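Notes for the one structure printed next.
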Amino acid sequence: MTPAVAAGPLTLRGFGVSPGRRVGAVARMPDAPPAPSPEPSAAGTDPDAAAAAVQGAAARVRDALARAADAASGEAADILAVTAAMAADPSLVDEARRRIVETRSSPARAVWDAAELVAEQLRALGGMFADRARDVQDVRDRIIAELLGTRPPGIPDPGEPFVLVARDLAPADTARLDPSHVLAIVTEGGGPTAHTAILARSLGIPCVVAVAGALDLADGETVLVDGSSGEVVRHPSADAVASVAHAVSRPTRLAGPGRTADGHAVALLANVGDPAGAVAAAEAGAEGIGLFRTEFGYLGRTAPPGVDEQVDAYAQVFAAFPVGRVVIRTLDAGADKPLPFVTAAGEPNPALGVRGLRTSWVHPGILDDQLAAIAQAAASSSAQVWVMAPMVATAEEADAFVDRCAAHGLAQAGVMVEIPAAALRAGDLLDRARFASLGTNDLVQYAMAADRELASLAPLSTPWQPAVLSLVELACAGGRRRDRPVGVCGEAAADPALAPVLVGLGVSSLSMTARALPDVGAVLASVTLDACRSLAAVALASRTADEARAAVRAGLPVLAELGL
């Protein structure tokens, strides 16, 4: 890459979503391809052959994404599987076929227009479905590239490690980033809990999103990216570059059980999405699994997996932690994870519709098969198997889930707290449920009424919001009244600065991407429980999220020492 002309340092600001500091040369994500010509196909073109070409191209894109999903693990595998399913969606191909036959559109133009129609329908639904409009456009570009024989969209390859700069990243692209080549990520769009942020944390790549002026960065320009502070420094000084080069090495593996400096235990667990992720979490030193996302076995299918197939998958996960805790979340379908055999099409607002535990009201057999498989796998394992339901809103729902688990011999039944109502009445939900786990991504979204993919709403989409911290405090208070543990398994747990605050609010365990475990463990080990409580009080007393975050970071000098 040709370096840009040097100038004085200039700082752009966004939201740091994956910690770490890196210096490197910019490589910009290529712009999306232009719309194909609207000119109709030449006279005499066989419309059936043209439609078949679209169907074949879509199938090849689907297969390529499915292979990538099989080779990936965890969140990346889930996202690639969902994108592959979109490429296989017959509605897109059928709409393209209609346009080819009725308006003589070229195959490429027909796919473009059909995808725009589907994307617009998703945007109109709002919430998490609107997030998927970007995925549809990504699939569109891949199918058109297949039709035209051109290079599909993807990450640039300048031949040396680089800082990736983009307007936004499609989940399928982010899921396939190579941390050995991508030093850091800077995007103009996105928010703190968007897919780009989640995947960057899982890969250990420093990342700043919602950066005004990101697209002014030029290929080859040197920048310093601070994924903790949210700063992107153009033309950094020699001293700043040297400070990154000589930063204290951060631990790469959790050294031991989570503890504060005065010995207060805080279980440090991992979020995983498949058996391979469980093995990686064990290698990273996790004390157990705080969130096992079971959707990996359901995505990209037209029918649910059988009990025996599920037993085999769960047994592999339990084997990775023979003496540790493994918390399984039952199927969380709906909203941004539609499944044809579970969720209904055409819901006016899927984010507030039939999702999570609510799908069992319509399809009880799917939940019962899953609980039967969990119980069967647990019977042959020494792991401590806990089960929790997503999207629980009321005490009646919690009680019904506990009863369903008990019918299968599963005694450790708990609930996810992702809805403000659940946090406000956590004591009622925990009357019979044995534990609760805070899903902070959804809790933030519902509490702040903010779509997590919108860069314009990024200031709202953060767990540092005092209102969100108040909900965490209330949930923990409800747990104390019932003598039940309350943990966090959302992305908030992976923030090394926020972790002491959560502990100070009463959280007993933190579950996160395995790569974040060493950083969180090191920060907790530097502070006492009383200090955690003091930091929590400071954050709660703050008027804004920025004030809360700045005040807490000022009270944690270890963050600077670790380059966080």
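Chain labels run A, B, ... following the order of the structure tokens; each chain numbers its residues from 1, and ligands are numbered from 1 in the order shown.
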
List every residue of range 278-440 of chain A that DSSP, applied to the backbone of this structure, places in alpha helix (DSSP H), and write the result as a VMD selection string. chain A and resid 278 to 283 307 to 320 359 to 362 364 to 379 395 to 407 420 to 424 426 to 429 440

I'd like a table as JSON lines: residues in range 419-508 of chain A with an atom no more than 12 Å from range 220-228 of chain A, each row giving the shortest atom pair and its distance in Å to one decimal, only C-alpha atoms counted, sorted by chain and rising residue number.
{"residue": "A:Ala494", "atom": "CA", "partner": "A:Ser228", "partner_atom": "CA", "distance": 11.7}
{"residue": "A:Asp495", "atom": "CA", "partner": "A:Ser228", "partner_atom": "CA", "distance": 8.9}
{"residue": "A:Pro496", "atom": "CA", "partner": "A:Ser228", "partner_atom": "CA", "distance": 9.4}
{"residue": "A:Ala497", "atom": "CA", "partner": "A:Ser228", "partner_atom": "CA", "distance": 9.0}
{"residue": "A:Leu498", "atom": "CA", "partner": "A:Ser228", "partner_atom": "CA", "distance": 11.4}

Which range 81-199 of chain A residues have any atom within 9 Å of an atom of range 26-30 of chain A, and for each, what is the nearest pair of atoms with distance in Å to one decimal, counting only C-alpha atoms, rows sorted by chain and number, as a tab-separated table?
residue	atom	partner	partner_atom	distance
A:Pro153	CA	A:Pro30	CA	7.7
A:Gly154	CA	A:Met29	CA	7.7
A:Ile155	CA	A:Met29	CA	6.2
A:Pro156	CA	A:Met29	CA	6.2
A:Asp157	CA	A:Ala27	CA	8.2
A:Pro158	CA	A:Ala27	CA	7.1
A:Phe162	CA	A:Val26	CA	5.8
A:Val163	CA	A:Val26	CA	4.8
A:Leu164	CA	A:Ala27	CA	5.3
A:Val165	CA	A:Arg28	CA	4.7
A:Ala166	CA	A:Met29	CA	5.0
A:Arg167	CA	A:Met29	CA	7.8
A:Asp168	CA	A:Met29	CA	8.8
A:Leu169	CA	A:Met29	CA	8.5

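Taking CA of Gly230 in chain A and CA of Ala210 in chain A as the two end points, the separation is 9.3 Å.
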
Here CA of Leu469 in chain A and CA of Leu540 in chain A stand apart by 6.6 Å

Using only C-alpha atoms: which of A:Asp546, A:Glu95, A:Asp483, A:Glu473 has the shortest distance to Leu502 in chain A: A:Glu473

With only C-alpha atoms counted and 10 Å as the cut-off, give the residues of range 349-380 of chain A in contact with range 303-322 of chain A, each with its shortest interatomic distance in Å and the pair that gives it, as a Markdown table.
| residue | atom | partner | partner_atom | distance |
| --- | --- | --- | --- | --- |
| A:Ile366 | CA | A:Pro304 | CA | 7.5 |
| A:Asp368 | CA | A:Val307 | CA | 9.7 |
| A:Asp369 | CA | A:Val307 | CA | 5.9 |
| A:Gln370 | CA | A:Val307 | CA | 6.9 |
| A:Leu371 | CA | A:Val307 | CA | 9.2 |
| A:Ala372 | CA | A:Val307 | CA | 7.3 |
| A:Ala373 | CA | A:Val311 | CA | 4.9 |
| A:Ile374 | CA | A:Val311 | CA | 6.4 |
| A:Ala375 | CA | A:Val311 | CA | 8.5 |
| A:Gln376 | CA | A:Val311 | CA | 6.6 |
| A:Ala377 | CA | A:Ala315 | CA | 5.1 |
| A:Ala378 | CA | A:Ala315 | CA | 7.2 |
| A:Ala379 | CA | A:Ala315 | CA | 9.6 |
| A:Ser380 | CA | A:Ala315 | CA | 7.9 |

Include C-alpha atoms and write out the residues we just selected as a compact mmCIF listing (two decimals), in the first residue's frame.
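To be explicit, this is the file written out as out.txt:
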# COMPACT_ATOMS: atom_id res chain seq x y z
CA ILE A 366 -39.67 -28.77 20.06
CA ASP A 368 -39.79 -31.03 25.11
CA ASP A 369 -37.48 -32.81 22.64
CA GLN A 370 -34.71 -30.39 23.54
CA LEU A 371 -35.16 -30.86 27.29
CA ALA A 372 -35.27 -34.64 26.82
CA ALA A 373 -31.98 -34.51 24.88
CA ILE A 374 -30.33 -32.29 27.50
CA ALA A 375 -31.44 -34.62 30.30
CA GLN A 376 -30.21 -37.69 28.46
CA ALA A 377 -26.80 -36.15 27.75
CA ALA A 378 -26.52 -34.85 31.33
CA ALA A 379 -27.24 -38.31 32.76
CA SER A 380 -24.02 -39.59 31.20

Taking a cut-off of 7 Å and counting only C-alpha atoms, can you build a table that, for each residue of range 202-270 of chain A near range 176-191 of chain A, reports the nearest atom pair and how far apart they are in Å (one decimal), sorted by chain then residue number, as a Markdown table?
| residue | atom | partner | partner_atom | distance |
| --- | --- | --- | --- | --- |
| A:Leu203 | CA | A:Pro179 | CA | 6.5 |
| A:Ile205 | CA | A:Ala184 | CA | 5.5 |
| A:Pro206 | CA | A:Ala184 | CA | 4.9 |
| A:Cys207 | CA | A:Ile185 | CA | 4.6 |
| A:Val208 | CA | A:Val186 | CA | 5.1 |
| A:Val209 | CA | A:Thr187 | CA | 4.8 |
| A:Ala210 | CA | A:Glu188 | CA | 4.6 |
| A:Val211 | CA | A:Glu188 | CA | 4.7 |
| A:Ala212 | CA | A:Glu188 | CA | 6.0 |
| A:Ala214 | CA | A:Glu188 | CA | 5.4 |
| A:Leu215 | CA | A:Glu188 | CA | 6.9 |
| A:Val225 | CA | A:Ala184 | CA | 6.7 |

Taking the backbone alone, and naming residues the way the document does, which bits of range 120-241 of chain A are strand (DSSP E) by DSSP, as a ChimeraX atom specification? /A:162-166,182-187,207-209,222-226,231-234

Contact residues around Leu562 in chain A with only C-alpha atoms at 12 Å, ignoring same-chain residues under 2 positions, as an NGL selection string: :A and (19-21 or 228 or 243-244 or 246-252 or 496-497 or 518-523 or 526 or 556-560 or 564)

Would you mind listing what lies within 10 Å of Cys532 in chain A as a list of chain:residue names, with only C-alpha atoms counted and same-chain residues fewer than 4 positions away left out? A:Thr260, A:Leu498, A:Ala499, A:Pro500, A:Val501, A:Leu502, A:Val503, A:Gly504, A:Leu505, A:Gly506, A:Leu524, A:Val527, A:Thr528, A:Ala536, A:Ala537, A:Val538, A:Val552, A:Gly555

Take the residues from that selection and put them in a file with N, CA and C atoms, as a CSV table (one decimal), in the first residue's frame.
chain,number,residue,atom,x,y,z
A,260,THR,N,-11.7,-11.3,43.2
A,260,THR,CA,-11.3,-9.9,43.4
A,260,THR,C,-10.0,-10.0,44.2
A,498,LEU,N,-16.3,-2.5,32.8
A,498,LEU,CA,-17.6,-2.7,33.3
A,498,LEU,C,-17.7,-3.8,34.3
A,499,ALA,N,-16.9,-4.8,34.1
A,499,ALA,CA,-16.9,-6.0,35.0
A,499,ALA,C,-17.0,-5.7,36.5
A,500,PRO,N,-16.1,-4.9,37.0
A,500,PRO,CA,-16.1,-4.6,38.4
A,500,PRO,C,-17.4,-3.9,38.8
A,501,VAL,N,-18.0,-3.1,37.9
A,501,VAL,CA,-19.3,-2.4,38.2
A,501,VAL,C,-20.4,-3.5,38.4
A,502,LEU,N,-20.4,-4.4,37.5
A,502,LEU,CA,-21.4,-5.5,37.5
A,502,LEU,C,-21.3,-6.3,38.8
A,503,VAL,N,-20.0,-6.6,39.2
A,503,VAL,CA,-19.8,-7.3,40.5
A,503,VAL,C,-20.3,-6.5,41.7
A,504,GLY,N,-20.0,-5.2,41.6
A,504,GLY,CA,-20.4,-4.3,42.7
A,504,GLY,C,-21.9,-4.2,42.8
A,505,LEU,N,-22.6,-4.4,41.7
A,505,LEU,CA,-24.1,-4.4,41.7
A,505,LEU,C,-24.7,-5.7,42.2
A,506,GLY,N,-23.8,-6.7,42.3
A,506,GLY,CA,-24.3,-8.0,42.9
A,506,GLY,C,-24.3,-9.2,42.0
A,524,LEU,N,-10.4,-7.7,37.6
A,524,LEU,CA,-11.0,-8.1,38.8
A,524,LEU,C,-10.0,-8.4,39.9
A,527,VAL,N,-8.8,-5.3,42.1
A,527,VAL,CA,-9.7,-4.5,42.9
A,527,VAL,C,-10.4,-5.3,44.0
A,528,THR,N,-10.7,-4.7,45.1
A,528,THR,CA,-11.4,-5.4,46.2
A,528,THR,C,-12.9,-5.4,45.9
A,536,ALA,N,-19.5,0.8,41.4
A,536,ALA,CA,-20.9,0.7,41.0
A,536,ALA,C,-21.8,1.9,41.4
A,537,ALA,N,-21.5,2.3,42.6
A,537,ALA,CA,-22.2,3.5,43.1
A,537,ALA,C,-21.9,4.7,42.3
A,538,VAL,N,-20.7,4.9,41.9
A,538,VAL,CA,-20.3,6.0,41.0
A,538,VAL,C,-21.0,6.0,39.7
A,552,VAL,N,-15.6,5.6,36.0
A,552,VAL,CA,-15.2,4.2,36.4
A,552,VAL,C,-13.8,4.0,35.9
A,555,GLY,N,-11.1,5.3,37.9
A,555,GLY,CA,-10.8,4.6,39.2
A,555,GLY,C,-10.2,3.3,39.0

May I have the residues within 9 Å of range 286-293 of chain A as a ChimeraX atom specification, using only C-alpha atoms and disregarding those fewer than 4 positions away in the same chain? /A:74-75,253-254,256-258,267-274,278,281-282,317,320-321,323-332,437,487-490,509-512,514,517

Writing out the chosen residues with N, CA and C atoms as a short mmCIF file (atom, residue, chain, number, x, y, z; two decimals), in the first residue's frame:
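Everything below was put into part-v5.cif:
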data_model
loop_
_atom_site.label_atom_id
_atom_site.label_comp_id
_atom_site.auth_asym_id
_atom_site.auth_seq_id
_atom_site.Cartn_x
_atom_site.Cartn_y
_atom_site.Cartn_z
N GLY A 74 -18.87 -21.21 16.89
CA GLY A 74 -19.48 -20.20 17.73
C GLY A 74 -20.37 -19.24 16.96
N GLU A 75 -20.30 -17.97 17.35
CA GLU A 75 -21.14 -16.93 16.76
C GLU A 75 -20.91 -16.81 15.27
N ARG A 253 -4.45 -16.25 28.62
CA ARG A 253 -5.24 -17.34 29.19
C ARG A 253 -5.61 -16.98 30.62
N LEU A 254 -6.81 -17.33 31.02
CA LEU A 254 -7.24 -17.08 32.39
C LEU A 254 -6.37 -17.91 33.33
N GLY A 256 -6.57 -18.50 36.61
CA GLY A 256 -7.19 -19.29 37.67
C GLY A 256 -8.62 -18.83 37.89
N PRO A 257 -9.28 -19.35 38.92
CA PRO A 257 -10.66 -18.95 39.17
C PRO A 257 -10.79 -17.44 39.37
N GLY A 258 -11.90 -16.90 38.93
CA GLY A 258 -12.14 -15.47 39.07
C GLY A 258 -12.23 -15.06 40.53
N ALA A 267 -17.37 -16.24 39.33
CA ALA A 267 -17.16 -17.27 38.31
C ALA A 267 -17.01 -16.62 36.94
N LEU A 268 -15.92 -16.95 36.25
CA LEU A 268 -15.65 -16.42 34.91
C LEU A 268 -15.89 -17.54 33.91
N LEU A 269 -16.95 -17.39 33.15
CA LEU A 269 -17.45 -18.43 32.26
C LEU A 269 -17.39 -17.95 30.81
N ALA A 270 -17.67 -18.88 29.89
CA ALA A 270 -17.59 -18.55 28.47
C ALA A 270 -18.93 -18.70 27.79
N ASN A 271 -19.17 -17.85 26.79
CA ASN A 271 -20.31 -17.99 25.89
C ASN A 271 -19.85 -18.79 24.68
N VAL A 272 -20.56 -19.85 24.35
CA VAL A 272 -20.17 -20.67 23.20
C VAL A 272 -21.41 -21.02 22.38
N GLY A 273 -21.17 -21.38 21.12
CA GLY A 273 -22.28 -21.67 20.23
C GLY A 273 -22.24 -23.04 19.60
N ASP A 274 -21.22 -23.84 19.91
CA ASP A 274 -21.16 -25.19 19.37
C ASP A 274 -20.09 -25.97 20.13
N ALA A 278 -16.82 -24.89 22.86
CA ALA A 278 -16.65 -25.36 24.24
C ALA A 278 -15.22 -25.81 24.49
N ALA A 281 -13.06 -22.76 24.77
CA ALA A 281 -13.28 -22.10 26.06
C ALA A 281 -12.50 -22.80 27.17
N ALA A 282 -12.48 -24.12 27.15
CA ALA A 282 -11.72 -24.87 28.15
C ALA A 282 -10.23 -24.57 28.02
N VAL A 317 -20.28 -31.00 24.41
CA VAL A 317 -20.08 -29.77 25.18
C VAL A 317 -19.83 -30.11 26.65
N ALA A 320 -16.30 -31.19 27.60
CA ALA A 320 -15.24 -30.16 27.70
C ALA A 320 -15.11 -29.63 29.11
N PHE A 321 -16.16 -29.77 29.93
CA PHE A 321 -16.15 -29.27 31.31
C PHE A 321 -16.71 -30.35 32.24
N VAL A 323 -16.14 -31.17 35.24
CA VAL A 323 -16.42 -30.80 36.63
C VAL A 323 -16.91 -29.36 36.74
N GLY A 324 -17.18 -28.70 35.63
CA GLY A 324 -17.60 -27.30 35.65
C GLY A 324 -19.09 -27.15 35.39
N ARG A 325 -19.54 -25.91 35.48
CA ARG A 325 -20.93 -25.58 35.21
C ARG A 325 -21.12 -25.37 33.71
N VAL A 326 -22.20 -25.92 33.17
CA VAL A 326 -22.57 -25.70 31.78
C VAL A 326 -24.03 -25.24 31.77
N VAL A 327 -24.25 -23.97 31.38
CA VAL A 327 -25.59 -23.41 31.35
C VAL A 327 -26.08 -23.41 29.90
N ILE A 328 -27.13 -24.17 29.66
CA ILE A 328 -27.68 -24.29 28.31
C ILE A 328 -28.90 -23.38 28.18
N ARG A 329 -28.90 -22.56 27.15
CA ARG A 329 -30.09 -21.77 26.84
C ARG A 329 -30.92 -22.54 25.83
N THR A 330 -32.19 -22.75 26.13
CA THR A 330 -33.04 -23.44 25.17
C THR A 330 -33.23 -22.56 23.94
N LEU A 331 -33.78 -23.13 22.90
CA LEU A 331 -33.85 -22.52 21.59
C LEU A 331 -34.36 -21.08 21.64
N ASP A 332 -33.57 -20.17 21.09
CA ASP A 332 -33.93 -18.74 21.06
C ASP A 332 -34.25 -18.36 19.62
N SER A 437 -29.88 -15.14 34.53
CA SER A 437 -28.73 -14.66 33.78
C SER A 437 -29.18 -13.49 32.93
N GLY A 487 -26.27 -13.92 37.21
CA GLY A 487 -25.06 -13.70 36.42
C GLY A 487 -25.34 -12.80 35.23
N VAL A 488 -24.31 -12.54 34.45
CA VAL A 488 -24.43 -11.79 33.20
C VAL A 488 -23.82 -12.63 32.09
N CYS A 489 -24.59 -12.85 31.03
CA CYS A 489 -24.03 -13.59 29.89
C CYS A 489 -24.09 -12.77 28.61
N GLY A 490 -24.47 -11.49 28.72
CA GLY A 490 -24.47 -10.61 27.56
C GLY A 490 -23.09 -10.03 27.31
N SER A 509 -21.58 -14.07 38.58
CA SER A 509 -20.79 -14.71 37.53
C SER A 509 -20.83 -13.85 36.28
N LEU A 510 -19.78 -13.96 35.47
CA LEU A 510 -19.67 -13.22 34.22
C LEU A 510 -19.33 -14.20 33.12
N SER A 511 -20.13 -14.21 32.07
CA SER A 511 -19.89 -15.13 30.96
C SER A 511 -19.69 -14.32 29.69
N MET A 512 -18.67 -14.67 28.91
CA MET A 512 -18.23 -13.81 27.80
C MET A 512 -17.54 -14.63 26.73
N ALA A 514 -14.54 -16.21 24.95
CA ALA A 514 -13.37 -16.77 25.63
C ALA A 514 -12.16 -15.85 25.57
N LEU A 517 -11.73 -13.40 28.60
CA LEU A 517 -11.56 -13.92 29.96
C LEU A 517 -10.29 -13.42 30.66
#
